[in-house]
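This is data.cif (mmCIF, C-alpha atoms).
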data_run
loop_
_atom_site.label_atom_id
_atom_site.label_comp_id
_atom_site.auth_asym_id
_atom_site.auth_seq_id
_atom_site.Cartn_x
_atom_site.Cartn_y
_atom_site.Cartn_z
CA MET A 1283 -24.76 10.50 -16.32
CA ASN A 1284 -25.31 10.54 -20.09
CA ASN A 1285 -26.12 7.46 -22.14
CA PRO A 1286 -22.56 6.61 -23.35
CA GLN A 1287 -21.22 6.75 -19.79
CA ARG A 1288 -24.12 4.64 -18.52
CA HIS A 1289 -23.53 2.10 -21.27
CA ILE A 1290 -19.83 1.85 -20.35
CA LEU A 1291 -20.67 1.43 -16.66
CA LEU A 1292 -23.22 -1.30 -17.38
CA ARG A 1293 -20.73 -3.18 -19.55
CA LEU A 1294 -18.13 -2.90 -16.80
CA LEU A 1295 -20.52 -4.20 -14.13
CA GLN A 1296 -21.43 -7.16 -16.34
CA ASN A 1297 -17.81 -8.29 -16.25
CA LYS A 1298 -17.48 -10.55 -13.18
CA GLY A 1299 -13.72 -10.22 -13.07
CA ALA A 1300 -13.90 -6.42 -13.09
CA VAL A 1301 -16.54 -6.45 -10.35
CA PHE A 1302 -14.34 -8.72 -8.23
CA GLY A 1303 -11.44 -6.36 -8.79
CA LEU A 1304 -13.54 -3.34 -7.81
CA ILE A 1305 -14.68 -5.06 -4.61
CA VAL A 1306 -11.11 -5.98 -3.59
CA ILE A 1307 -9.82 -2.49 -4.39
CA SER A 1308 -12.71 -0.83 -2.52
CA LEU A 1309 -12.11 -3.00 0.56
CA SER A 1310 -8.39 -2.22 0.36
CA VAL A 1311 -9.11 1.52 0.31
CA VAL A 1312 -11.38 1.20 3.35
CA VAL A 1313 -8.74 -0.82 5.19
CA ALA A 1314 -6.03 1.67 4.25
CA ILE A 1315 -8.03 4.61 5.59
CA GLY A 1316 -9.08 2.98 8.86
CA ALA A 1317 -6.05 0.71 9.33
CA TYR A 1318 -5.26 1.87 12.87
CA PHE A 1319 -8.88 1.46 13.94
CA ILE A 1320 -9.12 -2.05 12.45
CA ALA A 1321 -5.69 -3.48 13.31
CA PRO A 1322 -5.31 -5.25 16.68
CA ASP A 1323 -2.01 -3.39 17.14
CA ASP A 1324 -2.78 0.31 16.72
CA SER A 1325 0.69 1.55 17.67
CA PRO A 1326 2.55 3.66 15.03
CA ASP A 1327 3.53 1.41 12.10
CA ALA A 1328 2.06 -1.56 14.06
CA ASN A 1329 5.53 -1.81 15.58
CA ARG A 1330 4.76 -3.14 19.09
CA MET A 1331 7.66 -5.51 19.69
CA THR A 1332 7.49 -8.38 22.16
CA VAL A 1333 10.56 -10.42 21.35
CA GLU A 1334 9.60 -13.21 23.78
CA ILE A 1335 6.77 -14.28 21.48
CA GLY A 1336 8.62 -13.90 18.17
CA GLY A 1337 7.94 -16.34 15.33
CA GLN A 1338 4.68 -17.75 16.69
CA LYS A 1339 2.21 -19.58 14.43
CA PRO A 1340 -1.26 -18.31 13.41
CA GLY A 1341 -3.82 -18.46 16.20
CA PHE A 1342 -1.25 -18.05 18.98
CA ARG A 1343 -2.72 -16.72 22.26
CA MET A 1344 -1.00 -14.99 25.15
CA GLN A 1345 -1.94 -12.98 28.25
CA PHE A 1346 -0.37 -9.54 28.65
CA LEU A 1347 0.08 -7.34 31.71
CA PRO A 1348 0.19 -3.60 30.92
CA VAL A 1349 3.04 -1.84 32.73
CA ARG A 1350 2.97 1.94 32.52
CA LEU A 1351 5.78 3.60 30.55
CA GLU A 1352 7.41 6.63 32.14
CA GLY A 1353 6.33 9.91 30.56
CA ALA A 1354 3.81 8.21 28.24
CA MET A 1355 0.52 9.93 27.35
CA GLU A 1356 -2.67 7.84 27.05
CA GLY A 1357 -4.82 10.34 25.16
CA THR A 1358 -4.63 10.53 21.34
CA GLY A 1359 -6.77 12.68 19.04
CA PHE A 1360 -8.94 11.16 16.33
CA TRP A 1361 -6.92 12.51 13.39
CA GLN A 1362 -3.63 11.65 15.05
CA ARG A 1363 -4.74 8.06 15.52
CA LEU A 1364 -6.23 7.87 12.02
CA LEU A 1365 -3.01 8.99 10.35
CA TYR A 1366 -0.24 7.75 12.61
CA GLY A 1367 -1.74 5.34 15.15
CA ARG A 1368 -1.74 5.59 18.94
CA PRO A 1369 1.62 5.48 20.77
CA ASP A 1370 1.71 2.87 23.50
CA ALA A 1371 1.31 4.21 27.03
CA PHE A 1372 2.12 0.76 28.42
CA SER A 1373 4.66 -1.97 27.94
CA TRP A 1374 2.74 -5.20 27.38
CA VAL A 1375 4.47 -7.97 29.30
CA PRO A 1376 3.63 -11.57 28.25
CA ILE A 1377 2.65 -13.65 31.28
CA ASN A 1378 1.40 -17.16 32.05
CA SER A 1379 -0.14 -16.33 35.44
CA TYR A 1380 -0.26 -13.63 38.12
CA GLU A 1381 -1.18 -13.09 41.76
CA MET A 1382 -1.43 -10.13 44.13
CA LYS A 1383 0.85 -9.89 47.17
CA GLY A 1384 0.52 -6.77 49.32
CA ASP A 1385 1.00 -3.71 47.11
CA SER A 1386 2.61 -5.69 44.26
CA VAL A 1387 1.57 -8.08 41.54
CA ILE A 1388 3.71 -11.17 41.10
CA VAL A 1389 3.67 -12.66 37.58
CA GLU A 1390 5.15 -15.65 35.83
CA LYS A 1391 6.63 -13.84 32.84
CA TYR A 1392 6.72 -15.81 29.60
CA VAL A 1393 10.31 -16.01 28.31
CA ASP A 1394 10.16 -18.93 25.88
CA GLU A 1395 8.33 -22.20 25.39
CA GLY A 1396 8.52 -23.89 28.79
CA VAL A 1397 10.63 -21.07 30.30
CA GLU A 1398 9.21 -18.61 32.84
CA GLU A 1399 10.60 -15.82 35.02
CA ARG A 1400 9.03 -14.71 38.30
CA VAL A 1401 8.78 -10.91 38.36
CA GLY A 1402 7.05 -8.44 40.67
CA TYR A 1403 5.52 -5.08 39.69
CA PRO A 1404 4.31 -2.37 42.12
CA MET A 1405 0.62 -1.48 41.85
CA SER A 1406 1.55 2.11 40.97
CA ALA A 1407 3.14 0.93 37.72
CA LEU A 1408 0.06 -0.98 36.55
CA ARG A 1409 -3.14 -0.06 34.81
CA VAL A 1410 -5.21 -0.26 37.97
CA ASN A 1411 -8.92 0.45 37.63
CA SER A 1412 -8.58 1.69 34.05
CA ALA A 1413 -9.55 -1.49 32.23
CA PRO A 1414 -12.65 -1.66 30.00
CA PRO A 1415 -15.92 -2.30 31.87
CA SER A 1416 -16.25 -5.75 30.32
CA LEU A 1417 -12.90 -6.80 31.77
CA ALA A 1418 -13.20 -7.84 35.41
CA ASP A 1419 -9.49 -7.98 36.10
CA PRO A 1420 -8.38 -4.76 37.90
CA PHE A 1421 -4.83 -4.88 36.53
CA GLY A 1422 -5.89 -4.70 32.89
CA VAL A 1423 -4.58 -8.16 31.98
CA ARG A 1424 -5.66 -8.99 28.46
CA GLU A 1425 -5.57 -12.14 26.41
CA ARG A 1426 -4.68 -11.46 22.81
CA ARG A 1427 -4.91 -13.71 19.82
CA PHE A 1428 -2.55 -13.34 16.88
CA TRP A 1429 -4.58 -14.57 13.94
CA LEU A 1430 -1.62 -14.69 11.52
CA GLY A 1431 1.05 -15.22 14.15
CA THR A 1432 3.98 -12.97 15.06
CA ASP A 1433 7.17 -12.11 13.20
CA LYS A 1434 10.68 -12.59 14.58
CA TYR A 1435 10.37 -9.38 16.60
CA GLY A 1436 7.07 -10.45 18.16
CA ARG A 1437 4.96 -8.01 16.13
CA ASP A 1438 1.43 -8.89 15.04
CA VAL A 1439 1.60 -9.97 11.38
CA LEU A 1440 -2.09 -9.21 10.74
CA SER A 1441 -1.72 -5.63 11.99
CA ARG A 1442 1.35 -4.97 9.86
CA LEU A 1443 -0.40 -6.52 6.89
CA LEU A 1444 -3.37 -4.16 7.31
CA VAL A 1445 -1.23 -1.05 7.80
CA GLY A 1446 0.94 -2.13 4.86
CA VAL A 1447 -2.04 -1.68 2.52
CA ARG A 1448 -1.40 2.06 2.80
CA VAL A 1449 2.07 1.73 1.30
CA SER A 1450 0.92 -0.40 -1.64
CA LEU A 1451 -2.04 1.82 -2.52
CA SER A 1452 -0.02 5.00 -1.99
CA VAL A 1453 2.82 3.90 -4.24
CA GLY A 1454 0.33 2.89 -6.92
CA LEU A 1455 -1.59 6.16 -6.72
CA VAL A 1456 1.44 8.47 -6.66
CA THR A 1457 3.30 6.65 -9.44
CA VAL A 1458 0.20 6.56 -11.65
CA LEU A 1459 -0.34 10.29 -11.15
CA ILE A 1460 3.30 11.02 -11.99
CA SER A 1461 3.33 8.71 -15.01
CA LEU A 1462 0.03 10.10 -16.33
CA THR A 1463 1.12 13.71 -15.89
CA ILE A 1464 4.39 13.22 -17.77
CA GLY A 1465 3.18 10.63 -20.27
CA VAL A 1466 -0.04 12.38 -21.30
CA PHE A 1467 1.69 15.74 -21.76
CA LEU A 1468 4.67 14.48 -23.76
CA GLY A 1469 2.61 12.00 -25.79
CA ALA A 1470 -0.02 14.61 -26.63
CA VAL A 1471 2.56 17.21 -27.68
CA ALA A 1472 4.45 14.67 -29.81
CA GLY A 1473 1.32 13.37 -31.52
CA TYR A 1474 -0.21 16.80 -32.17
CA PHE A 1475 2.79 18.79 -33.42
CA ARG A 1476 4.70 15.88 -35.03
CA GLY A 1477 7.84 16.78 -36.98
CA ARG A 1478 10.93 17.76 -34.99
CA VAL A 1479 9.04 17.90 -31.68
CA ASP A 1480 7.84 14.34 -32.23
CA GLY A 1481 11.34 13.20 -33.13
CA ILE A 1482 12.90 14.63 -29.97
CA ILE A 1483 10.23 13.21 -27.66
CA MET A 1484 10.30 9.80 -29.34
CA TRP A 1485 14.10 9.73 -29.00
CA LEU A 1486 13.70 10.34 -25.25
CA ILE A 1487 10.98 7.68 -25.02
CA ASN A 1488 13.14 5.13 -26.84
CA VAL A 1489 16.12 5.85 -24.60
CA ILE A 1490 14.06 5.39 -21.43
CA TRP A 1491 12.36 2.35 -22.97
CA SER A 1492 15.73 0.68 -23.66
CA ILE A 1493 16.80 0.80 -19.99
CA PRO A 1494 15.47 -2.08 -17.83
CA THR A 1495 12.86 -0.74 -15.42
CA LEU A 1496 14.46 -2.10 -12.26
CA LEU A 1497 17.89 -0.80 -13.29
CA LEU A 1498 16.45 2.67 -13.87
CA VAL A 1499 14.62 2.55 -10.55
CA PHE A 1500 17.86 1.54 -8.80
CA ALA A 1501 19.69 4.51 -10.35
CA ILE A 1502 16.99 7.01 -9.39
CA THR A 1503 16.70 5.54 -5.90
CA LEU A 1504 20.46 5.84 -5.36
CA LEU A 1505 20.23 9.45 -6.56
CA LEU A 1506 17.26 10.41 -4.38
CA GLY A 1507 18.09 8.16 -1.43
CA LYS A 1508 16.10 5.51 0.39
CA GLY A 1509 12.71 6.39 1.83
CA PHE A 1510 8.95 6.47 1.56
CA TRP A 1511 8.49 9.31 -0.94
CA GLN A 1512 11.71 8.70 -2.85
CA ILE A 1513 10.57 5.26 -3.96
CA PHE A 1514 7.25 6.68 -5.21
CA ILE A 1515 9.00 9.27 -7.35
CA ALA A 1516 11.55 6.76 -8.63
CA ILE A 1517 8.89 4.30 -9.82
CA GLY A 1518 6.70 7.07 -11.26
CA LEU A 1519 9.57 8.46 -13.36
CA THR A 1520 10.06 5.08 -15.04
CA MET A 1521 6.46 4.23 -15.94
CA TRP A 1522 5.41 7.18 -18.12
CA VAL A 1523 6.76 5.81 -21.43
CA ASN A 1524 3.84 3.39 -21.95
CA VAL A 1525 1.37 6.21 -21.43
CA ALA A 1526 3.27 8.56 -23.75
CA ARG A 1527 3.42 6.06 -26.62
CA ILE A 1528 -0.29 5.26 -26.41
CA ILE A 1529 -1.34 8.91 -26.14
CA ARG A 1530 0.89 9.85 -29.08
CA GLY A 1531 -0.77 7.28 -31.34
CA GLN A 1532 -4.27 8.24 -30.23
CA VAL A 1533 -3.63 11.97 -30.72
CA MET A 1534 -2.08 11.46 -34.16
CA GLU A 1535 -5.25 9.69 -35.22
CA ALA A 1536 -7.64 12.15 -33.56
CA ARG A 1537 -6.01 15.30 -34.97
CA GLU A 1538 -7.19 14.34 -38.47
CA ARG A 1539 -10.86 14.07 -37.52
CA GLU A 1540 -13.54 16.53 -38.53
CA TYR A 1541 -14.18 18.07 -35.12
CA VAL A 1542 -10.50 19.05 -34.90
CA GLU A 1543 -10.63 20.60 -38.38
CA ALA A 1544 -13.73 22.50 -37.31
CA ALA A 1545 -11.95 23.78 -34.20
CA ARG A 1546 -9.02 24.98 -36.33
CA ALA A 1547 -11.43 26.73 -38.70
CA LEU A 1548 -12.97 28.57 -35.73
CA GLY A 1549 -9.53 29.89 -34.82
CA TYR A 1550 -9.06 28.00 -31.57
CA SER A 1551 -5.52 27.86 -30.19
CA HIS A 1552 -3.43 24.71 -30.31
CA ALA A 1553 -3.59 24.37 -26.51
CA ARG A 1554 -7.40 24.56 -26.50
CA ILE A 1555 -7.76 22.09 -29.35
CA LEU A 1556 -5.32 19.65 -27.75
CA PHE A 1557 -6.40 19.79 -24.11
CA HIS A 1558 -10.11 20.61 -24.44
CA HIS A 1559 -11.10 18.70 -27.57
CA ILE A 1560 -8.63 15.92 -28.39
CA LEU A 1561 -7.48 14.61 -25.01
CA PRO A 1562 -10.96 14.07 -23.48
CA ASN A 1563 -11.75 11.80 -26.45
CA VAL A 1564 -8.62 9.63 -26.22
CA MET A 1565 -8.44 8.94 -22.47
CA GLY A 1566 -10.07 5.51 -22.65
CA PRO A 1567 -6.81 3.62 -23.35
CA VAL A 1568 -5.07 5.68 -20.67
CA LEU A 1569 -7.47 4.37 -18.00
CA VAL A 1570 -6.63 0.81 -19.00
CA VAL A 1571 -2.88 1.48 -18.90
CA ALA A 1572 -3.26 3.31 -15.57
CA ALA A 1573 -4.80 0.20 -13.99
CA SER A 1574 -1.95 -1.92 -15.35
CA ASN A 1575 0.66 0.59 -14.13
CA PHE A 1576 -0.98 0.59 -10.69
CA ALA A 1577 -0.46 -3.17 -10.46
CA SER A 1578 3.10 -2.94 -11.78
CA ALA A 1579 3.97 -0.22 -9.26
CA ILE A 1580 2.82 -2.43 -6.37
CA VAL A 1581 5.01 -5.30 -7.57
CA ILE A 1582 8.05 -3.05 -8.17
CA GLU A 1583 7.72 -1.43 -4.73
CA ALA A 1584 7.48 -4.85 -3.08
CA GLY A 1585 10.57 -6.00 -4.96
CA LEU A 1586 12.57 -2.92 -4.03
CA SER A 1587 11.54 -3.20 -0.38
CA PHE A 1588 12.54 -6.87 -0.45
CA LEU A 1589 15.97 -5.83 -1.73
CA GLY A 1590 16.26 -3.25 1.04
CA ILE A 1591 16.16 -0.05 -1.04
CA GLY A 1592 12.46 0.64 -0.80
CA VAL A 1593 10.38 1.51 2.26
CA GLN A 1594 12.57 1.40 5.36
CA PRO A 1595 11.77 -0.27 8.70
CA PRO A 1596 9.86 -0.04 10.93
CA GLN A 1597 7.29 1.16 8.38
CA PRO A 1598 5.35 -1.92 7.23
CA SER A 1599 5.63 -2.85 3.56
CA TRP A 1600 4.53 -6.18 2.17
CA GLY A 1601 7.84 -6.63 0.35
CA LEU A 1602 9.75 -5.77 3.51
CA MET A 1603 7.66 -8.27 5.49
CA ILE A 1604 8.62 -11.01 3.03
CA LYS A 1605 12.28 -10.05 3.36
CA GLU A 1606 12.15 -10.16 7.14
CA ASN A 1607 10.41 -13.53 7.29
CA TYR A 1608 11.25 -15.46 4.11
CA ASN A 1609 13.58 -17.79 6.03
CA PHE A 1610 10.52 -19.08 7.92
CA ILE A 1611 9.15 -20.60 4.67
CA ILE A 1612 11.40 -23.66 5.04
CA THR A 1613 11.09 -23.83 8.82
CA HIS A 1614 8.10 -24.06 11.13
CA ASN A 1615 6.04 -20.97 10.21
CA PRO A 1616 5.77 -20.24 6.45
CA MET A 1617 2.67 -18.05 6.89
CA LEU A 1618 4.87 -15.13 8.02
CA ALA A 1619 6.15 -14.74 4.46
CA LEU A 1620 3.22 -16.27 2.57
CA ALA A 1621 0.61 -13.87 4.01
CA PRO A 1622 2.13 -10.68 2.51
CA GLY A 1623 2.84 -12.61 -0.69
CA PHE A 1624 -0.84 -13.57 -1.00
CA ALA A 1625 -1.82 -9.96 -0.26
CA ILE A 1626 0.39 -8.68 -3.10
CA MET A 1627 -0.98 -11.31 -5.46
CA LEU A 1628 -4.62 -10.51 -4.62
CA LEU A 1629 -4.27 -6.73 -5.00
CA VAL A 1630 -2.29 -6.98 -8.25
CA LEU A 1631 -4.85 -9.45 -9.62
CA ALA A 1632 -7.67 -7.04 -8.69
CA PHE A 1633 -6.11 -4.16 -10.65
CA ASN A 1634 -5.37 -6.36 -13.66
CA LEU A 1635 -8.93 -7.67 -13.72
CA LEU A 1636 -10.25 -4.10 -13.47
CA GLY A 1637 -7.97 -3.06 -16.33
CA ASN A 1638 -9.25 -5.93 -18.49
CA GLY A 1639 -12.83 -4.96 -17.65
CA LEU A 1640 -12.19 -1.32 -18.58
CA ARG A 1641 -10.61 -2.42 -21.86
CA ASP A 1642 -13.67 -4.45 -22.79
CA ALA A 1643 -16.16 -1.81 -21.60
CA LEU A 1644 -14.42 1.01 -23.48
CA SER A 1645 -13.73 -1.19 -26.52
CA VAL A 1646 -10.19 0.07 -26.84
CA ARG A 1647 -6.99 -1.55 -28.06
CA VAL A 1648 -3.82 -1.06 -26.01
#
Would you write out, as structure tokens, the structure that this file holds?
Amino acid sequence: MNNPQRHILLRLLQNKGAVFGLIVISLSVVVAIGAYFIAPDDSPDANRMTVEIGGQKPGFRMQFLPVRLEGAMEGTGFWQRLLYGRPDAFSWVPINSYEMKGDSVIVEKYVDEGVEERVGYPMSALRVNSAPPSLADPFGVRERRFWLGTDKYGRDVLSRLLVGVRVSLSVGLVTVLISLTIGVFLGAVAGYFRGRVDGIIMWLINVIWSIPTLLLVFAITLLLGKGFWQIFIAIGLTMWVNVARIIRGQVMEAREREYVEAARALGYSHARILFHHILPNVMGPVLVVAASNFASAIVIEAGLSFLGIGVQPPQPSWGLMIKENYNFIITHNPMLALAPGFAIMLLVLAFNLLGNGLRDALSVRV
């Protein structure tokens, strides 16, 4: 690392807000990668539904009896679990108590607060002798605690919150890559060649700029359809104008400097001068805008998912979680909607603080 880069890094690390943002973002990346190993519910999309315990408050506890599902496979490879989770081999039945009678297990199945149902299960359908060594019960009965409660479908809110980090970080990363690719190229070409090329590109930028972002995202989403990747592309195609305008101004200033004149005198091509000499020296403001666009993409995705045209169920998205549970805010369990809201706020704040730190460390104006 040369001295200018070291100086920038030291200035960045001296900014407490930027350091806080880096810590939150780093933890979010770790959680996103190992979500299915960290989350209490490691089923695909953390979508284990137990409707009997829907809408429970944080800290709720319940015992579960594992009943084998027909045709289910218990074994899951490492990469399969890392990427997609582990499909349930058992149906987890909420119970208040159980006892063994002959070759069956009789349980008091939890139906609702104060309501039970007496049900019997044959031993062959249970997880006999396959429980962890630390669990003495031979039927595999487990007590689980739902730290943030359960949603209306009985799914663990904490697990869906952890898996939902993947969607937020993915949408930010993909949209920033798309916006940088389009914005840097068009802005650099407009600023370097100027004239008619600049006029055409600036006309396109002004047209896109004049359309409200959400309206443009709606139009692109309706064109591409609803889905995971479609929403990434839709948001990315609306966020490149900021990058293009900044790059254009920076390139127009840089093309008049002495090192560019020297490159022209040596006979270098326009492409080499632009992409090998000018762009590496004007990327500071782009990093700041990229951090801001990352935060904006997270908020836009959450808003679109809340409106029902973003990520589709059962895939967990923080905006979708708010949509599914916002009616609980004025009832008995507001945490179901407040938890994803706080998560969005914290991650967006982290990227904005990092962007401010980069701006100060690079001493750029955007």
For A:Thr1332, the closest of A:Ser1373, A:Val1311, A:Gly1436, A:Ile1290 counting only C-alpha atoms is A:Gly1436
TODO: Quick one: apply the PyMOL selection byres ((chain A and resi 1435) around 10) to the file and drop the selected residues here as JSON, numbers by chain.
DONE: {"A": [1329, 1330, 1331, 1332, 1333, 1334, 1335, 1336, 1337, 1432, 1433, 1434, 1436, 1437, 1438, 1606]}
Name the residues in contact with A:Ile1529 at a cut-off of 6 Å, using only C-alpha atoms, excluding same-chain residues fewer than 3 positions from it; report them as a tab-separated table (two decimals) with C-alpha atoms, in the frame of the given file.
chain	number	residue	atom	x	y	z
A	1469	GLY	CA	2.61	12.00	-25.79
A	1470	ALA	CA	-0.02	14.61	-26.63
A	1526	ALA	CA	3.27	8.56	-23.75
A	1532	GLN	CA	-4.27	8.24	-30.23
A	1533	VAL	CA	-3.63	11.97	-30.72
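Minimum atom-to-atom distances from A:Gly1431, A:Gly1359, A:Pro1567, A:Pro1322 to A:Lys1339 were compared using only C-alpha atoms, and the lowest value belongs to A:Gly1431.
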Open item on the list: For A:Leu1309, find every residue with an atom within 12 Å (counting all atoms listed in the file), except residues of its own chain fewer than 4 positions away, and show them as a list in words.
Closed with: Phe1302, Gly1303, Leu1304, Ile1305, Val1313, Ala1314, Ile1315, Gly1316, Ala1317, Leu1444, Val1447, Leu1451, Leu1628, Leu1629 and Ala1632 of chain A
Taking all listed atoms of stretch 1601-1610 of chain A, build the axis-aligned box, pad each of the six sides by 3 Å, then write its centre and edge lengths in Å to one decimal as AutoDock Vina command-line options.
--center_x 10.6 --center_y -12.4 --center_z 4.1 --size_x 11.9 --size_y 19.3 --size_z 13.6
Once you count all atoms listed in the file, what closest atom pair and distance in Å to one decimal does each residue of stretch 1570-1594 of chain A within 8 Å of stretch 1457-1467 of chain A have, with rows by chain and rising residue number, as a Markdown table?
| residue | atom | partner | partner_atom | distance |
| --- | --- | --- | --- | --- |
| A:Ala1572 | CA | A:Val1458 | CA | 6.2 |
| A:Asn1575 | CA | A:Val1458 | CA | 6.5 |
| A:Phe1576 | CA | A:Val1458 | CA | 6.2 |
| A:Ala1579 | CA | A:Thr1457 | CA | 6.9 |
Next on the checklist: Which residues would end up in the selection if the PyMOL selection byres ((chain A and resi 1499) around 9) were applied here, given that I need the answer as number ranges by chain?
Outcome noted: A: 1494-1498, 1500-1504, 1513, 1516-1517, 1519-1520, 1582, 1586
inquiry  = Going by the chain IDs and residue numbers used in this file, which residues fall under the PyMOL selection byres ((chain A and resi 1348) around 8)? Write them as a PyMOL selection string.
reply    = chain A and resi 1346-1347+1349-1350+1372-1375+1408-1409+1421-1423
In Å and to one decimal, atom CA of A:Ala1547 is distant from atom CA of A:Gly1566 by 26.6 Å
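Using only C-alpha atoms for every distance, the candidate list A:Gln1362, A:Pro1596, A:Leu1569, A:Leu1618 yields A:Leu1618 as the residue closest to A:Leu1440.
Distances from A:Glu1425, A:Gly1585, A:Ile1555, A:Tyr1392 to A:Val1471 were compared using all atoms listed in the file, and the smallest one belongs to A:Ile1555.
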Separating atom CA of A:Ile1611 from atom CA of A:Ile1580, to the nearest tenth of an Å, is a gap of 22.2 Å
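Take atom CA of A:Ser1587 and atom CA of A:Ser1599: the distance between them is 7.1 Å.
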**OP:** Can you pull out every residue within 9 Å of A:Ile1487, counting only C-alpha atoms, but drop anything in the same chain fewer than 2 positions away, and send it as a count of residues only?
**Re:** 13
